[in-house]
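K.L.:
Sharing query-v4.cif (mmCIF, C-alpha atoms and all ligand atoms) below.
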```
data_entry
#
loop_
_atom_site.label_atom_id
_atom_site.label_comp_id
_atom_site.auth_asym_id
_atom_site.auth_seq_id
_atom_site.Cartn_x
_atom_site.Cartn_y
_atom_site.Cartn_z
CA MET A 1 97.13 109.90 70.19
CA SER A 2 93.39 109.48 70.77
CA ALA A 3 91.41 112.67 71.33
CA ALA A 4 88.49 113.43 73.63
CA PRO A 5 85.15 112.49 72.02
CA ALA A 6 83.19 115.43 70.64
CA VAL A 7 80.81 116.32 73.46
CA ALA A 8 79.06 119.61 74.05
CA GLU A 9 81.03 121.59 76.62
CA ALA A 10 79.04 122.00 79.85
CA ALA A 11 77.92 125.59 80.51
CA THR A 12 79.96 127.63 82.97
CA LEU A 13 78.02 129.48 85.66
CA HIS A 14 79.35 132.21 87.94
CA VAL A 15 78.59 132.45 91.64
CA GLU A 16 79.52 135.35 93.90
CA ALA A 17 82.35 134.25 96.23
CA GLY A 18 80.72 135.25 99.52
CA ALA A 19 77.43 133.53 98.66
CA LEU A 20 79.28 130.40 97.57
CA ALA A 21 81.29 130.33 100.81
CA GLY A 22 78.09 130.58 102.86
CA PHE A 23 76.45 127.78 100.86
CA VAL A 24 79.43 125.45 101.28
CA ARG A 25 79.70 126.32 104.98
CA ALA A 26 76.06 125.32 105.46
CA ILE A 27 76.57 122.00 103.66
CA VAL A 28 79.72 121.13 105.63
CA ALA A 29 78.04 122.13 108.91
CA ALA A 30 75.11 119.85 108.06
CA THR A 31 77.52 116.90 107.84
CA GLY A 32 78.06 117.27 111.60
CA CYS A 33 80.81 119.86 112.21
CA GLY A 34 80.76 122.74 114.61
CA PRO A 35 80.49 126.22 113.04
CA GLU A 36 84.24 126.99 113.26
CA GLU A 37 85.24 123.76 111.56
CA ALA A 38 82.60 124.24 108.85
CA GLU A 39 83.86 127.79 108.30
CA GLU A 40 87.46 126.57 108.07
CA VAL A 41 86.68 123.80 105.58
CA ALA A 42 84.51 126.11 103.45
CA ARG A 43 87.12 128.90 103.47
CA HIS A 44 89.87 126.50 102.39
CA LEU A 45 87.76 125.07 99.54
CA LEU A 46 86.60 128.47 98.32
CA GLU A 47 90.17 129.82 98.43
CA ALA A 48 91.23 126.96 96.14
CA ASN A 49 88.55 128.03 93.65
CA LEU A 50 89.50 131.68 93.97
CA GLN A 51 93.14 130.84 93.28
CA GLY A 52 92.13 128.89 90.17
CA HIS A 53 92.52 125.35 91.56
CA ASP A 54 88.94 124.24 90.97
CA SER A 55 90.06 120.62 91.33
CA HIS A 56 90.65 121.28 95.05
CA GLY A 57 87.65 123.50 95.69
CA ILE A 58 83.92 123.20 96.14
CA MET A 59 83.74 120.41 93.56
CA LEU A 60 84.89 118.04 96.31
CA VAL A 61 81.96 118.73 98.64
CA PRO A 62 79.56 116.04 97.30
CA ARG A 63 82.34 113.48 97.73
CA TYR A 64 82.98 114.65 101.28
CA VAL A 65 79.24 114.37 102.05
CA GLN A 66 79.25 110.84 100.68
CA HIS A 67 82.32 109.93 102.73
CA VAL A 68 80.70 111.24 105.93
CA ARG A 69 77.62 109.08 105.18
CA GLU A 70 79.86 106.08 104.58
CA GLY A 71 81.71 106.64 107.88
CA LYS A 72 84.99 107.40 106.08
CA LEU A 73 85.22 111.06 107.11
CA HIS A 74 84.69 112.06 110.73
CA PRO A 75 83.43 115.61 111.32
CA GLY A 76 84.66 117.08 114.59
CA ALA A 77 87.81 114.92 114.72
CA ALA A 78 91.07 116.58 115.81
CA PRO A 79 94.67 115.33 115.48
CA THR A 80 96.10 113.26 118.33
CA PRO A 81 99.87 112.95 118.90
CA VAL A 82 101.39 109.53 118.25
CA ARG A 83 104.92 110.75 119.14
CA GLN A 84 105.95 114.23 120.10
CA ASP A 85 109.04 116.00 121.35
CA ALA A 86 110.00 119.65 121.22
CA SER A 87 110.53 119.89 117.47
CA LEU A 88 109.25 116.64 115.95
CA ALA A 89 105.73 115.29 116.08
CA LEU A 90 103.69 112.61 114.39
CA PHE A 91 99.93 113.09 114.56
CA ASP A 92 97.05 110.77 113.75
CA GLY A 93 94.35 112.69 111.94
CA ASN A 94 91.55 110.31 113.02
CA MET A 95 90.12 110.64 109.50
CA GLY A 96 88.86 114.13 110.30
CA TYR A 97 88.33 116.92 107.80
CA GLY A 98 91.88 117.48 106.51
CA GLN A 99 91.44 121.23 106.17
CA HIS A 100 90.68 121.47 109.91
CA VAL A 101 93.03 118.76 111.24
CA GLY A 102 95.81 120.00 108.93
CA ARG A 103 95.54 123.58 110.17
CA ILE A 104 95.78 122.40 113.80
CA ALA A 105 98.83 120.21 113.03
CA MET A 106 100.44 123.12 111.18
CA ASP A 107 99.78 125.43 114.14
CA TRP A 108 101.86 123.02 116.24
CA ALA A 109 104.70 123.00 113.65
CA ILE A 110 104.73 126.80 113.49
CA GLY A 111 104.89 127.10 117.28
CA ALA A 112 107.72 124.54 117.48
CA ALA A 113 109.69 126.19 114.65
CA ARG A 114 109.39 129.58 116.33
CA ALA A 115 110.66 128.12 119.60
CA HIS A 116 113.45 125.89 118.22
CA GLY A 117 114.25 127.22 114.75
CA HIS A 118 112.87 124.17 112.97
CA ALA A 119 110.09 121.62 113.25
CA VAL A 120 109.26 118.35 111.55
CA MET A 121 105.59 117.44 111.50
CA GLY A 122 104.04 114.19 110.28
CA LEU A 123 100.30 113.70 109.91
CA ARG A 124 98.78 110.38 108.87
CA ASN A 125 95.32 108.90 108.69
CA VAL A 126 93.62 112.15 107.77
CA HIS A 127 90.90 112.74 105.19
CA HIS A 128 91.79 114.94 102.19
CA ILE A 129 93.91 117.94 103.28
CA GLY A 130 93.05 119.82 100.07
CA ARG A 131 95.33 122.49 98.61
CA VAL A 132 98.70 121.99 100.31
CA GLY A 133 99.67 125.61 99.59
CA THR A 134 97.17 126.66 102.27
CA TYR A 135 99.48 125.28 104.96
CA GLY A 136 102.54 126.79 103.31
CA GLU A 137 100.76 130.15 103.35
CA GLN A 138 100.03 129.59 107.04
CA ALA A 139 103.77 129.12 107.71
CA ALA A 140 104.74 132.05 105.47
CA ALA A 141 102.32 134.32 107.34
CA ALA A 142 104.32 133.43 110.48
CA GLY A 143 107.58 134.38 108.70
CA LEU A 144 108.65 130.74 108.25
CA ILE A 145 109.89 128.65 105.31
CA SER A 146 108.11 125.33 104.77
CA VAL A 147 108.59 122.18 102.67
CA HIS A 148 105.80 119.60 102.30
CA PHE A 149 105.65 116.08 100.89
CA VAL A 150 102.18 114.52 100.69
CA ASN A 151 100.88 111.20 99.41
CA GLY A 152 97.31 110.15 98.93
CA VAL A 153 95.18 107.07 98.44
CA SER A 154 91.67 107.60 97.07
CA GLY A 155 90.53 104.45 95.34
CA PRO A 156 92.70 102.76 92.75
CA PRO A 157 96.01 104.51 91.90
CA ALA A 158 95.86 107.09 89.12
CA VAL A 159 99.47 107.77 88.05
CA ALA A 160 101.73 105.46 86.05
CA PRO A 161 105.42 105.26 87.08
CA PHE A 162 107.82 106.55 84.40
CA GLY A 163 108.27 103.81 81.85
CA GLY A 164 105.28 101.82 83.20
CA SER A 165 101.89 101.37 81.55
CA ASP A 166 99.43 101.17 84.45
CA ALA A 167 98.75 103.34 87.52
CA ARG A 168 100.64 102.63 90.75
CA LEU A 169 100.77 105.99 92.55
CA SER A 170 98.57 108.97 93.34
CA THR A 171 99.10 112.58 92.27
CA ASN A 172 101.31 113.08 95.39
CA PRO A 173 101.85 116.85 95.77
CA VAL A 174 104.98 118.76 96.79
CA CYS A 175 104.87 122.28 98.20
CA ILE A 176 107.61 124.75 99.18
CA THR A 177 106.83 128.21 100.51
CA ILE A 178 109.07 131.16 101.36
CA PRO A 179 107.85 134.19 103.32
CA PRO A 180 107.88 137.54 101.50
CA ALA A 181 110.94 139.77 101.28
CA ARG A 182 108.98 142.81 102.43
CA GLU A 183 106.08 143.30 104.80
CA GLY A 184 102.88 143.34 102.75
CA ASP A 185 104.41 141.45 99.79
CA ALA A 186 103.19 137.99 98.86
CA PRO A 187 105.04 134.78 99.74
CA LEU A 188 106.47 132.38 97.17
CA VAL A 189 104.06 129.45 97.03
CA LEU A 190 105.33 126.58 94.91
CA ASP A 191 102.58 123.98 95.15
CA PHE A 192 101.87 121.29 92.60
CA ALA A 193 100.78 117.73 92.04
CA THR A 194 103.56 115.49 90.71
CA SER A 195 101.22 114.26 87.99
CA ALA A 196 101.26 116.17 84.71
CA ILE A 197 97.95 117.69 85.83
CA ALA A 198 95.99 117.24 89.08
CA LEU A 199 93.53 114.33 89.06
CA GLY A 200 90.75 116.73 90.01
CA LYS A 201 91.53 118.76 86.88
CA CYS A 202 90.74 115.62 84.83
CA ARG A 203 87.43 115.39 86.71
CA VAL A 204 86.74 119.08 86.04
CA ALA A 205 87.53 118.53 82.33
CA PHE A 206 85.42 115.33 82.22
CA ASN A 207 82.47 117.11 83.90
CA ALA A 208 82.82 120.01 81.48
CA GLY A 209 83.17 117.75 78.41
CA ARG A 210 86.63 119.16 77.70
CA ALA A 211 89.86 117.51 76.57
CA VAL A 212 92.94 117.70 78.83
CA PRO A 213 96.32 118.96 77.51
CA GLU A 214 98.51 116.56 75.56
CA GLY A 215 101.14 114.67 77.55
CA ALA A 216 98.96 114.18 80.64
CA LEU A 217 97.16 110.87 80.06
CA VAL A 218 97.52 107.42 78.56
CA ASP A 219 94.68 105.01 77.86
CA ALA A 220 94.58 101.45 79.20
CA THR A 221 96.86 100.28 76.39
CA GLY A 222 99.48 102.91 77.29
CA GLN A 223 98.70 105.13 74.26
CA PRO A 224 98.67 108.93 74.74
CA THR A 225 95.21 110.51 74.83
CA THR A 226 93.56 113.84 75.72
CA ASP A 227 90.26 112.18 76.74
CA PRO A 228 89.70 112.32 80.55
CA GLY A 229 87.04 109.63 80.11
CA VAL A 230 89.82 107.02 80.18
CA LEU A 231 89.93 107.63 83.95
CA TYR A 232 86.18 107.85 84.67
CA ARG A 233 84.38 105.91 81.92
CA ASP A 234 86.68 103.16 80.72
CA THR A 235 87.40 99.78 82.27
CA PRO A 236 90.25 98.99 82.50
CA ARG A 237 91.19 102.57 83.33
CA GLY A 238 93.88 104.66 81.73
CA ALA A 239 96.46 106.55 83.81
CA LEU A 240 97.87 110.00 84.41
CA LEU A 241 101.55 110.59 83.64
CA SER A 242 103.98 112.36 85.99
CA PHE A 243 105.16 115.86 85.03
CA GLY A 244 108.72 116.11 83.75
CA ALA A 245 109.05 112.43 82.82
CA HIS A 246 111.38 110.58 85.26
CA LYS A 247 111.85 113.69 87.46
CA GLY A 248 108.20 114.11 88.46
CA TYR A 249 107.93 110.36 88.89
CA GLY A 250 110.93 110.48 91.24
CA LEU A 251 109.26 113.15 93.37
CA ALA A 252 105.97 111.20 93.44
CA LEU A 253 107.82 108.12 94.65
CA VAL A 254 109.65 110.11 97.34
CA CYS A 255 106.27 111.47 98.58
CA GLU A 256 104.94 107.92 98.75
CA ILE A 257 107.92 106.91 100.88
CA LEU A 258 108.44 110.02 103.07
CA ALA A 259 104.75 110.66 103.77
CA GLY A 260 103.04 107.27 103.35
CA ALA A 261 105.67 104.68 104.32
CA LEU A 262 107.78 106.63 106.87
CA LEU A 263 104.79 107.90 108.85
CA GLY A 264 102.91 104.59 108.83
CA GLY A 265 100.17 106.12 106.70
CA ALA A 266 98.28 104.70 103.73
CA THR A 267 100.34 103.61 100.71
CA ALA A 268 98.86 103.11 97.26
CA TRP A 269 100.13 99.57 96.73
CA ARG A 270 97.87 98.23 99.53
CA PRO A 271 94.45 97.31 98.07
CA GLU A 272 92.80 97.47 101.54
CA MET A 273 93.59 101.22 101.73
CA ARG A 274 91.57 102.01 98.60
CA GLU A 275 88.15 101.75 100.22
CA ARG A 276 88.78 104.42 102.88
CA GLY A 277 87.62 107.52 101.02
CA ILE A 278 90.54 109.93 100.54
CA VAL A 279 93.48 109.33 102.88
CA ASN A 280 96.42 111.73 102.94
CA SER A 281 99.75 111.43 104.76
CA TRP A 282 101.93 114.51 105.04
CA LEU A 283 105.50 115.25 106.13
CA ALA A 284 106.26 118.96 106.67
CA PHE A 285 109.55 120.72 107.51
CA VAL A 286 109.22 124.23 108.91
CA LEU A 287 112.29 126.48 109.25
CA ASP A 288 112.85 129.88 110.78
CA PRO A 289 115.07 131.73 108.25
CA SER A 290 116.41 134.06 110.95
CA ARG A 291 118.29 131.08 112.50
CA PHE A 292 120.63 130.92 109.49
CA GLY A 293 121.90 134.49 109.80
CA ASP A 294 120.87 138.10 109.36
CA PRO A 295 117.18 138.03 108.35
CA GLY A 296 117.50 141.47 106.73
CA ALA A 297 120.31 140.23 104.47
CA PHE A 298 118.25 137.19 103.45
CA ARG A 299 115.20 139.31 102.66
CA ALA A 300 117.30 141.71 100.56
CA GLU A 301 118.86 138.84 98.62
CA LEU A 302 115.44 137.19 98.19
CA ALA A 303 114.03 140.42 96.74
CA ALA A 304 117.04 140.73 94.40
CA VAL A 305 116.75 137.14 93.15
CA ILE A 306 113.02 137.54 92.45
CA ALA A 307 113.54 140.92 90.73
CA ASP A 308 116.27 139.41 88.56
CA VAL A 309 114.22 136.46 87.28
CA LYS A 310 111.21 138.72 86.68
CA ALA A 311 113.40 141.08 84.64
CA SER A 312 113.87 138.43 81.97
CA PRO A 313 112.28 139.78 78.76
CA PRO A 314 109.04 137.81 78.28
CA ALA A 315 108.97 135.44 75.30
CA ASP A 316 105.33 136.53 74.84
CA PRO A 317 104.98 140.28 75.50
CA ASP A 318 101.50 139.68 76.99
CA SER A 319 102.82 137.13 79.54
CA PRO A 320 105.43 138.57 81.90
CA VAL A 321 107.62 136.21 83.92
CA LEU A 322 105.87 135.17 87.14
CA VAL A 323 107.10 133.55 90.33
CA ALA A 324 105.29 130.78 92.20
CA GLY A 325 102.04 131.99 93.73
CA GLU A 326 101.60 134.97 91.42
CA LYS A 327 99.29 133.34 88.91
CA GLU A 328 96.99 132.35 91.76
CA ARG A 329 96.87 135.93 93.08
CA ILE A 330 95.96 137.27 89.62
CA THR A 331 93.21 134.66 89.29
CA LYS A 332 91.90 135.43 92.77
CA ALA A 333 91.54 139.14 92.01
CA GLN A 334 89.61 138.29 88.82
CA ARG A 335 87.31 135.81 90.55
CA LEU A 336 86.59 138.06 93.50
CA ALA A 337 85.48 140.70 91.01
CA GLY A 338 83.65 138.55 88.47
CA GLY A 339 82.39 135.58 90.49
CA VAL A 340 83.68 132.02 90.80
CA PRO A 341 83.22 130.00 87.61
CA VAL A 342 81.57 126.61 88.22
CA ASP A 343 80.70 124.17 85.43
CA ALA A 344 77.05 123.14 85.30
CA THR A 345 77.75 119.50 86.23
CA THR A 346 79.71 120.47 89.33
CA TRP A 347 77.02 122.98 90.30
CA GLY A 348 74.26 120.37 89.87
CA ASN A 349 76.18 117.90 92.05
CA LEU A 350 76.75 120.53 94.75
CA VAL A 351 73.10 121.59 94.82
CA ALA A 352 71.98 117.93 94.95
CA ALA A 353 74.34 117.31 97.90
CA ALA A 354 72.89 120.37 99.69
CA ARG A 355 69.28 119.27 99.09
CA SER A 356 70.08 115.77 100.35
CA LEU A 357 70.99 117.44 103.66
CA GLY A 358 67.83 119.57 103.73
CA ILE A 359 69.52 122.78 102.53
CA ASN A 360 67.31 124.48 99.96
CA ASP A 361 68.67 128.02 100.17
CA VAL A 362 70.76 127.95 96.98
CA PRO A 363 72.78 131.01 95.84
CA VAL A 364 72.23 132.57 92.42
CA ALA A 365 74.42 131.05 89.69
CA ARG A 366 74.38 132.69 86.26
P1 LIG B 401 99.64 123.72 88.84
O1 LIG B 401 100.08 122.77 87.78
O2 LIG B 401 98.65 124.78 88.49
O3 LIG B 401 100.98 124.38 89.41
C1 LIG B 401 100.84 125.32 90.41
C2 LIG B 401 102.19 125.88 90.78
O4 LIG B 401 102.88 126.40 89.64
C3 LIG B 401 101.95 127.07 91.70
O5 LIG B 401 103.01 127.16 92.61
C4 LIG B 401 101.92 128.21 90.71
O6 LIG B 401 102.15 129.47 91.32
C5 LIG B 401 103.03 127.82 89.79
N1 LIG B 401 102.87 128.44 88.48
C6 LIG B 401 101.81 128.33 87.65
N2 LIG B 401 102.01 129.07 86.54
C7 LIG B 401 103.22 129.67 86.67
C8 LIG B 401 103.99 130.54 85.87
N3 LIG B 401 103.57 130.98 84.68
N4 LIG B 401 105.20 130.95 86.32
C9 LIG B 401 105.66 130.53 87.52
N5 LIG B 401 104.98 129.68 88.34
C10 LIG B 401 103.78 129.26 87.91
O7 LIG B 401 99.08 122.95 90.13
P2 LIG B 401 98.51 121.46 90.19
O8 LIG B 401 99.59 120.48 89.96
O9 LIG B 401 97.31 121.40 89.33
O10 LIG B 401 98.06 121.37 91.73
C11 LIG B 401 96.88 122.02 92.15
C12 LIG B 401 96.65 121.84 93.61
O11 LIG B 401 96.31 120.51 93.89
C13 LIG B 401 97.82 122.15 94.53
O12 LIG B 401 97.36 123.13 95.45
C14 LIG B 401 98.12 120.85 95.26
O13 LIG B 401 98.51 121.02 96.61
C15 LIG B 401 96.78 120.18 95.18
N6 LIG B 401 96.88 118.71 95.30
C16 LIG B 401 96.52 118.14 96.49
C17 LIG B 401 96.56 116.76 96.62
C18 LIG B 401 96.17 116.09 97.91
O14 LIG B 401 96.24 114.87 97.99
N7 LIG B 401 95.76 116.79 98.94
C19 LIG B 401 96.96 115.95 95.55
C20 LIG B 401 97.34 116.59 94.37
C21 LIG B 401 97.29 117.97 94.23
#
```
Could you render the structure from this file as structure tokens?
P.N.:
Amino acid sequence: MSAAPAVAEAATLHVEAGALAGFVRAIVAATGCGPEEAEEVARHLLEANLQGHDSHGIMLVPRYVQHVREGKLHPGAAPTPVRQDASLALFDGNMGYGQHVGRIAMDWAIGAARAHGHAVMGLRNVHHIGRVGTYGEQAAAAGLISVHFVNGVSGPPAVAPFGGSDARLSTNPVCITIPPAREGDAPLVLDFATSAIALGKCRVAFNAGRAVPEGALVDATGQPTTDPGVLYRDTPRGALLSFGAHKGYGLALVCEILAGALLGGATAWRPEMRERGIVNSWLAFVLDPSRFGDPGAFRAELAAVIADVKASPPADPDSPVLVAGEKERITKAQRLAGGVPVDATTWGNLVAAARSLGINDVPVAR
């Protein structure tokens, strides 16, 4: 196992959430969006930070700015249907902002699932859709269950197949959400990359001069390492590993097939797809739980199942058993109160992106 080189950890600054949202909204608007789209993209990114997923938050903005300049991301684009019937649709995202295009596509799926009990929605050719849980939360807020398979191509592949020694896939996320048992409760939001850790978390660690956890990375010779520099500094590059050995790899492969191949989207094996910025493809299933039987009985059983798992005595008395989505809600409450932590490198990159667009009104970061 090779360890991360000893580098001074970059300072962490804190920025008040509202001020950060306004700053990001201004930057996104300056790339050419209308105010509503800019607000939607900024809100999505900030929510990722608030929930603790910094890899899918404001850190991405300089890359988005660069992709707009390079003609790879099209502000103002909306999804157009490729095929559509009452409960199944395939949309082309026209390489628009994924946070905006994705919300519109999900609105369609929610409407169709309400009308018909279920909907299947495919979206291809869209720029980065961000934190997939956002769309699951959108379905859960409408009282619907949702299941999402997503694949991505953003430059050379980053994840090695189980038993392989070089990268062939992306961090292909899976998300499943279930609406709450009781009005006012939170939904279950299971939402993760199939890599051992999200690629963006390696970038966050690299920017901050930190090591990543063991079991997440191999270097270019296939040896385990905790140094994220193998992805960003070394040539040839190292690779991320899937979570859960062959099981996570299996899910990543299924995402590649169900989202990328089935929908006619970008697949990682095609070198010509790697120069297009960040391209996601996404297959979503949305279900109305009331179509399977008495919704009250389901909600009661859901509450009982959750109460039962949470009643397990914690192995560590300071860490009670959580269910999916809970950790994010705890983190959000902390960050709303204490500010959003941003490492100095990420902050410098964000401010430089803003200045390059003529935005000099920078919020206080301390
Ligand atoms: P992660 O490893 O932090 O796992 C998050 C999931 O695990 C959440 O559902 C969370 O509630 C649950 N969880 C965490 N701790 C828990 C605990 N103690 N008990 C029970 N459940 C717990 O997430 P990740 O893999 O780093 O993914 C981060 C984000 O990156 C996701 O939102 C994902 O959608 C996004 N992503 C997007 C893309 C893309 O191409 N658009 C690619 C990869 C990842």
K.L.:
Considering only C-alpha atoms and all ligand atoms, give me a table of residues in chain A that are at most 9 Å from ligand LIG 401 (chain B), with the closest atom pair and distance in Å for each, as JSON lines.
P.N.:
```
{"residue": "A:Ala48", "atom": "CA", "partner": "B:LIG401", "partner_atom": "O12", "distance": 7.3}
{"residue": "A:Gly52", "atom": "CA", "partner": "B:LIG401", "partner_atom": "O2", "distance": 7.9}
{"residue": "A:His53", "atom": "CA", "partner": "B:LIG401", "partner_atom": "C11", "distance": 5.5}
{"residue": "A:Asp54", "atom": "CA", "partner": "B:LIG401", "partner_atom": "C11", "distance": 8.3}
{"residue": "A:Ser55", "atom": "CA", "partner": "B:LIG401", "partner_atom": "O11", "distance": 6.8}
{"residue": "A:His56", "atom": "CA", "partner": "B:LIG401", "partner_atom": "O11", "distance": 5.8}
{"residue": "A:Gly98", "atom": "CA", "partner": "B:LIG401", "partner_atom": "N7", "distance": 8.5}
{"residue": "A:His127", "atom": "CA", "partner": "B:LIG401", "partner_atom": "N7", "distance": 8.9}
{"residue": "A:His128", "atom": "CA", "partner": "B:LIG401", "partner_atom": "N7", "distance": 5.5}
{"residue": "A:Ile129", "atom": "CA", "partner": "B:LIG401", "partner_atom": "N7", "distance": 4.9}
{"residue": "A:Gly130", "atom": "CA", "partner": "B:LIG401", "partner_atom": "N7", "distance": 4.2}
{"residue": "A:Arg131", "atom": "CA", "partner": "B:LIG401", "partner_atom": "O12", "distance": 3.8}
{"residue": "A:Val132", "atom": "CA", "partner": "B:LIG401", "partner_atom": "O13", "distance": 3.8}
{"residue": "A:Gly133", "atom": "CA", "partner": "B:LIG401", "partner_atom": "O12", "distance": 5.4}
{"residue": "A:Thr134", "atom": "CA", "partner": "B:LIG401", "partner_atom": "O12", "distance": 7.7}
{"residue": "A:Val150", "atom": "CA", "partner": "B:LIG401", "partner_atom": "O14", "distance": 6.5}
{"residue": "A:Asn151", "atom": "CA", "partner": "B:LIG401", "partner_atom": "O14", "distance": 6.1}
{"residue": "A:Gly152", "atom": "CA", "partner": "B:LIG401", "partner_atom": "O14", "distance": 4.9}
{"residue": "A:Val153", "atom": "CA", "partner": "B:LIG401", "partner_atom": "O14", "distance": 7.9}
{"residue": "A:Ser154", "atom": "CA", "partner": "B:LIG401", "partner_atom": "O14", "distance": 8.6}
{"residue": "A:Ser170", "atom": "CA", "partner": "B:LIG401", "partner_atom": "C19", "distance": 7.5}
{"residue": "A:Thr171", "atom": "CA", "partner": "B:LIG401", "partner_atom": "C20", "distance": 4.9}
{"residue": "A:Asn172", "atom": "CA", "partner": "B:LIG401", "partner_atom": "C19", "distance": 5.2}
{"residue": "A:Pro173", "atom": "CA", "partner": "B:LIG401", "partner_atom": "C20", "distance": 4.7}
{"residue": "A:Val174", "atom": "CA", "partner": "B:LIG401", "partner_atom": "O13", "distance": 6.9}
{"residue": "A:Cys175", "atom": "CA", "partner": "B:LIG401", "partner_atom": "O13", "distance": 6.7}
{"residue": "A:Ile176", "atom": "CA", "partner": "B:LIG401", "partner_atom": "O5", "distance": 8.4}
{"residue": "A:Thr177", "atom": "CA", "partner": "B:LIG401", "partner_atom": "O5", "distance": 8.8}
{"residue": "A:Leu188", "atom": "CA", "partner": "B:LIG401", "partner_atom": "O5", "distance": 7.7}
{"residue": "A:Val189", "atom": "CA", "partner": "B:LIG401", "partner_atom": "O5", "distance": 5.1}
{"residue": "A:Leu190", "atom": "CA", "partner": "B:LIG401", "partner_atom": "O5", "distance": 3.3}
{"residue": "A:Asp191", "atom": "CA", "partner": "B:LIG401", "partner_atom": "O5", "distance": 4.1}
{"residue": "A:Phe192", "atom": "CA", "partner": "B:LIG401", "partner_atom": "O8", "distance": 3.6}
{"residue": "A:Ala193", "atom": "CA", "partner": "B:LIG401", "partner_atom": "O8", "distance": 3.6}
{"residue": "A:Thr194", "atom": "CA", "partner": "B:LIG401", "partner_atom": "O8", "distance": 6.4}
{"residue": "A:Ser195", "atom": "CA", "partner": "B:LIG401", "partner_atom": "O8", "distance": 6.7}
{"residue": "A:Ala196", "atom": "CA", "partner": "B:LIG401", "partner_atom": "O8", "distance": 7.0}
{"residue": "A:Ile197", "atom": "CA", "partner": "B:LIG401", "partner_atom": "O9", "distance": 5.1}
{"residue": "A:Ala198", "atom": "CA", "partner": "B:LIG401", "partner_atom": "O9", "distance": 4.4}
{"residue": "A:Leu199", "atom": "CA", "partner": "B:LIG401", "partner_atom": "C20", "distance": 6.9}
{"residue": "A:Gly200", "atom": "CA", "partner": "B:LIG401", "partner_atom": "O11", "distance": 7.8}
{"residue": "A:Lys201", "atom": "CA", "partner": "B:LIG401", "partner_atom": "O9", "distance": 6.8}
{"residue": "A:Phe243", "atom": "CA", "partner": "B:LIG401", "partner_atom": "O8", "distance": 8.8}
{"residue": "A:Ile278", "atom": "CA", "partner": "B:LIG401", "partner_atom": "O14", "distance": 8.0}
{"residue": "A:Val279", "atom": "CA", "partner": "B:LIG401", "partner_atom": "O14", "distance": 7.9}
{"residue": "A:Asn280", "atom": "CA", "partner": "B:LIG401", "partner_atom": "O14", "distance": 5.9}
{"residue": "A:Ser281", "atom": "CA", "partner": "B:LIG401", "partner_atom": "O14", "distance": 8.4}
{"residue": "A:Trp282", "atom": "CA", "partner": "B:LIG401", "partner_atom": "N7", "distance": 9.0}
{"residue": "A:Ser319", "atom": "CA", "partner": "B:LIG401", "partner_atom": "N3", "distance": 8.1}
{"residue": "A:Pro320", "atom": "CA", "partner": "B:LIG401", "partner_atom": "N3", "distance": 8.3}
{"residue": "A:Val321", "atom": "CA", "partner": "B:LIG401", "partner_atom": "N4", "distance": 6.3}
{"residue": "A:Leu322", "atom": "CA", "partner": "B:LIG401", "partner_atom": "N4", "distance": 4.4}
{"residue": "A:Val323", "atom": "CA", "partner": "B:LIG401", "partner_atom": "C9", "distance": 4.4}
{"residue": "A:Ala324", "atom": "CA", "partner": "B:LIG401", "partner_atom": "O6", "distance": 3.5}
{"residue": "A:Gly325", "atom": "CA", "partner": "B:LIG401", "partner_atom": "O6", "distance": 3.5}
{"residue": "A:Glu326", "atom": "CA", "partner": "B:LIG401", "partner_atom": "O6", "distance": 5.5}
{"residue": "A:Lys327", "atom": "CA", "partner": "B:LIG401", "partner_atom": "O6", "distance": 5.4}
{"residue": "A:Glu328", "atom": "CA", "partner": "B:LIG401", "partner_atom": "O6", "distance": 5.9}
{"residue": "A:Arg329", "atom": "CA", "partner": "B:LIG401", "partner_atom": "O6", "distance": 8.5}
```
K.L.:
Select, from A:Asn349, A:Arg237, A:Ile104, A:Glu272, the residue with the minimum atom-to-atom distance to A:Val65, counting all atoms listed in the file.
P.N.:
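Under the stated criterion, the closest residue is A:Asn349.
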K.L.:
Which residues, written as a ChimeraX atom specification, have at least one atom at most 9 Å from A:Leu217, with all atoms listed in the file counted and residues fewer than 5 positions away on the same chain left out?
P.N.:
/A:159,196-197,212,222-228,230-231,238-241
K.L.:
Would you save the residues from that selection as a CSV table (one decimal), keeping the file's coordinate frame, using C-alpha atoms?
P.N.:
```
chain,number,residue,atom,x,y,z
A,159,VAL,CA,99.5,107.8,88.0
A,196,ALA,CA,101.3,116.2,84.7
A,197,ILE,CA,98.0,117.7,85.8
A,212,VAL,CA,92.9,117.7,78.8
A,222,GLY,CA,99.5,102.9,77.3
A,223,GLN,CA,98.7,105.1,74.3
A,224,PRO,CA,98.7,108.9,74.7
A,225,THR,CA,95.2,110.5,74.8
A,226,THR,CA,93.6,113.8,75.7
A,227,ASP,CA,90.3,112.2,76.7
A,228,PRO,CA,89.7,112.3,80.6
A,230,VAL,CA,89.8,107.0,80.2
A,231,LEU,CA,89.9,107.6,84.0
A,238,GLY,CA,93.9,104.7,81.7
A,239,ALA,CA,96.5,106.6,83.8
A,240,LEU,CA,97.9,110.0,84.4
A,241,LEU,CA,101.6,110.6,83.6
```
K.L.:
Identify, on the basis of only C-alpha atoms, every residue whose closest approach to A:Val362 does not exceed 12 Å; exclude the query and any residue fewer than 2 positions from it along the same chain; express the result as an NGL selection string.
P.N.:
:A and (15-16 or 19-24 or 26-27 or 347-348 or 350-355 or 358-360 or 364-365)
K.L.:
Go through A:Ala139, A:Ala77, A:Ala181, A:Met121 and flag the residue nearest A:Ala307, using only C-alpha atoms for the distances.
P.N.:
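Looking at the shortest contact to A:Ala307, the residue is A:Ala181.
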